[in-house]
Each structure stands twice: as C-alpha cells, then as structure tokens.
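*Asks:* My structure is below; once you've seen it, I'll send some questions.
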Amino acid sequence: MNKRAVKNNKRRILYQLKRSGWRYFSERERRLRRWKSGGEYRVSTNKYTTIENLESPTNLSFIDNTEGVLEYLKSAAKYAQVFQPIRFDISNITSLTPETIPLLLSHITSLGYNKRVAIYGNSPNNENFRKLFTESGFFDHVRSKVNPTAREKNLMHKETFYIVKPDIAAKALALATANLNYDEDKMESVYNIFVELMSNTHHHASLEKYGDVRWWLYVYSNPDTGLNSVSFLDLGVGIFKSLIVKNYLVSIGKKLNLIKNIDYVDDLISGKIQSRIEIDKKMRGKGIPQIVQYSSLDHFRKFYIITNDIKLDLKGKTKLQLKNSFKGTFYYFELA
C-alpha cells in the first residue's frame with residue numbers, strides 16, 4: 001500500500017471514530033432541534049462574551065399585549081446600551097400575531113446594525129406560529145443557516161430612504177386587496193393611506209434631523225381566513241415628540257413639561273395640530289387627520305395607532321395612555 005493510500009485510510013478511520021463519538025451525536029441533536037424550530041438567526045456575533053437570553057412574553061401580540069411587548073423591547077434596549085450580546089428567545093410563546101413580527105424585526109436590526117450589538121434569536125416551537133414567523137420574510141433581513149422562503153402573498157419591506165415610494169405603495173395595495181372585491185374608490189382610499197403613512201415618517205424624525213427616519217411595511221394575507229392586514233412603522237421620535245407637535249404647544253402657550261400627550265390627542269385627530277409645515281408643502285395629503293378620516297370607512301375592519309405613550313383605536317374611538325413608551329410610530333389596520 002503506497003503512502004497516499006495509507007494516509008487516506010487513516011483519515012477514513014479518524015472520520016468514522018468522530019462520527020461514533022458522543023460529541024458528534026450531541027451536535028447532531030442540537031442541529032436537529034434548531035432545524036425543527038425553524039432555524040436560529042443572528043444579526044451580528046460576539047462569541048467571546050456571555051449572551052443574555054431574553055425570553056419574550058408568552059402573548060407576543062403588539063395589539064393585544066401592548067404593554068408586555070413594549071416592556072420586552074425596553075429590556076433589550078437596556079442590555080444594548082452596555083453592548084451586552086442578547087438573544088431574542090420567542091421559542092415558548094403561546095400567541096403570535098402578524099403585526100408583532102415587523103416590530104420585532106425593526107428593533108433587532110436597529111440594535112444589531114446601528115448599536116453594534118451582537119444579536120441572536122430563534123423561532124417559535126409551536127408549528128403554526130413558526131410557520132407564521134418564517135413565512136413573513138423575517139429571515140430575508142437577518143443571517144441564518146436556515147433561510148425559510150417568504151410567502152408570495154406577504155410583503156416585508158424596509159425602506160432605506162426617507163421618501164414616498166409609489167411603486168411599493170402599488171405593490172402593497174395589490175397584495176392587501178388581492179382577494180377583496182373593491183371598487184375604485186375603496187382601492188384609492190387604501191393607496192392614499194400608504195402614501196400618507198410614508199409621508200408622515202418625515203415628521204417623526206429627531207428635532208434636529210427633519211425627515212431622517214426610515215420605515216418598515218408588512219402586508220400579511222391570512223391563508224386560512226382570507227383576512228389581510230397591514231403594519232407600518234418607523235423608529236423616529238413619535239408623533240407627540242415631533243417638531244410639529246412641539247411647535248403647536250408653544251404656539252398655544254403650553255409648557256412642554258406640564259402637559260400629558262393624551263390631553264391633546266383630540267387636537268391632533270381634529271386637525272388643529274397642522275400636519276404639514278413649510279418644508280413639506282410639496283407633500284400630498286393632510287397627515288393624521290386624513291388617516292383618521294379614511295379609517296372610518298367600512299372596509300377598514302380595525303385601525304390602530306401606537307406612538308410614544310398613546311394607543312389609539314380609531315375604529316373603537318378610544319385612546320389609552322400607556323405605562324411604557326414606544327419610541328416611534330406604529331400603524332396597524334385590517335381590510336374586510
């Protein structure tokens with residue numbers, strides 16, 4: 001037997017020994033568990049530091065459990081402030097709704113890429129929730145050895161610029177109304193909503209950087225019920241911390257530190273707080289009052305706005321002051 005054959009035979013023996021060892025089977029079981037759970041993911045890594053496992057609330061629904069989800073995101077932000085690597089653990093959830101997925105994704109990528117924090121995460125153990133999670137398009141925006149394909153009837157879009165995108169609005173409209181028999185007026189109202197949401201992100205930036213806010217859009221079509229929902233959010237300062245609202249309070253002689261946001265919700269909805277300023281005259285629409293007007297139409301089944309410490313149910317005509325604040329503006333509506 002020549003030297004090359006001896007060397008190859010030795011490699012084969014070592015390989016077989018490796019496959020029969022306890023370490024191989026332990027790693028194999030771990031890989032199988034990860035595969036069954038839909039795959040782990042990461043945004044950035046830091047293998048030399050202990051990872052803080054953040055177990056999510058079992059009810060992972062931003063609309064139904066707003067305080068619980070905000071508290072969870074707040075705890076993640078605290079660790080990110082000190083550059084502590086964290087894992088978003090949603091494996092044991094008992095409830096998951098579509099609007100929570102882009103919210104979670106926006107915070108994960110923001111902390112990972114902008115704050116330079118090592119971020120890890122996993123998928124739900126529950127088969128139905130795992131399917132909802134993996135088919136959303138979530139894995140198109142993170143790194144993972146397992147990359148589930150997004151469902152064609154869903155749209156997960158991150159806008160990297162600060163402008164209205166008519167092509168994305170048209171695509172979102174087509175998906176959101178695909179199985180609905182809408183006439184031209186209904187179609188136009190939904191399209192105008194998309195344009196207004198994109199336009200309003202310019203007003204939710206920091207007070208120093210007008211227009212410097214990027215946004216996320218998620219259109220979900222439920223294959224079982226045929227119900228279509230839309231989630232739209234930005235991670236700016238929020239409506240009640242925006243320059244427009246600040247200027248309004250000053251104009252009516254209110255001291256900013258002596259008034260609660262919930263006290264001037266009605267002024268915002270009624271249009272007393274102007275939703276367009278000089279720099280934005282070229283933008284179409286009328287901002288929040290226009291959105292409120294559209295939300296009253298019958299084909300909008302649900303319509304919520306969550307911003308700062310305020311949660312508005314536009315269909316139920318209720319307003320709620322939250323204990324936890326959302327640093328941004330979040331819109332959610334369902335079409336019937």
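Residues are referred to by chain and number: the chain letter is A, B, ... according to the order shown in the structure tokens, the number counts from 1 in that chain, and ligands are numbered separately from 1 in the order shown.
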Which of stretch 78-296 of chain A end up as helix (DSSP H, G or I) when DSSP is run on this backbone - answer as a PyMOL selection string?
*Replies:* chain A and resi 78-81+100-114+127-134+138-140+166-176+184-204+239-241+243-251+256-258+261-270+278-280+288-295
*Asks:* As a PyMOL selection string, please: the residues near stretch 89-106 of chain A (cut-off 6 Å, only C-alpha atoms, same-chain neighbours under 2 positions excluded).
*Replies:* chain A and resi 54-56+58-62+87+108-110+121-125+231
*Asks:* Taking the DSSP assignment computed from this structure's backbone, write out as a list in words all residues of stretch 36-212 of chain A that belong to strand (DSSP E).
*Replies:*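 Answer for stretch 36-212 of chain A, restricted to strand (DSSP E): Tyr41, Arg42, Val43, Ser44, Glu52, Asn53, Leu54, Glu55, Asn59, Leu60, Ile86, Arg87, Phe88, Asp89, Ser95, Leu96, Ile119, Tyr120, Gly121, Leu155, Met156, His157, Lys158 and Glu159 of chain A.
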*Asks:* Within 12 Å of A:Thr50, counting only C-alpha atoms, which residues qualify if same-chain residues fewer than 4 places away don't, as a list in words?
*Replies:*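 Non-adjacent residues within range: Thr45, Asn46, Tyr79, Phe83, Gln84, Pro85, Ile86, Arg87, Ala118, Ile119 and Tyr120 of chain A.
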*Asks:* Would you please work out which residue, of A:Ala178, A:Val292, A:Leu73, A:Ile168, is nearest to A:Ile305 when using only C-alpha atoms?
*Replies:*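 For A:Ile305, the nearest of the given residues is A:Val292.
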*Asks:* Enter the distance from atom CA of A:Gly236 to atom CA of A:Arg214, in Å, rounded to one decimal.
*Replies:*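 These atoms are spaced 8.0 Å apart.
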*Asks:* Figure out the distance between atom CA of A:His141 and atom CA of A:Phe326, please, to one decimal in Å.
*Replies:* 22.1 Å
*Asks:* Would you please work out which residue, of A:Leu249, A:Ala76, A:Ala176, A:Ile288, is nearest to A:Phe300 when using only C-alpha atoms?
*Replies:*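 That would be A:Ala176, the residue with the smallest distance to A:Phe300.
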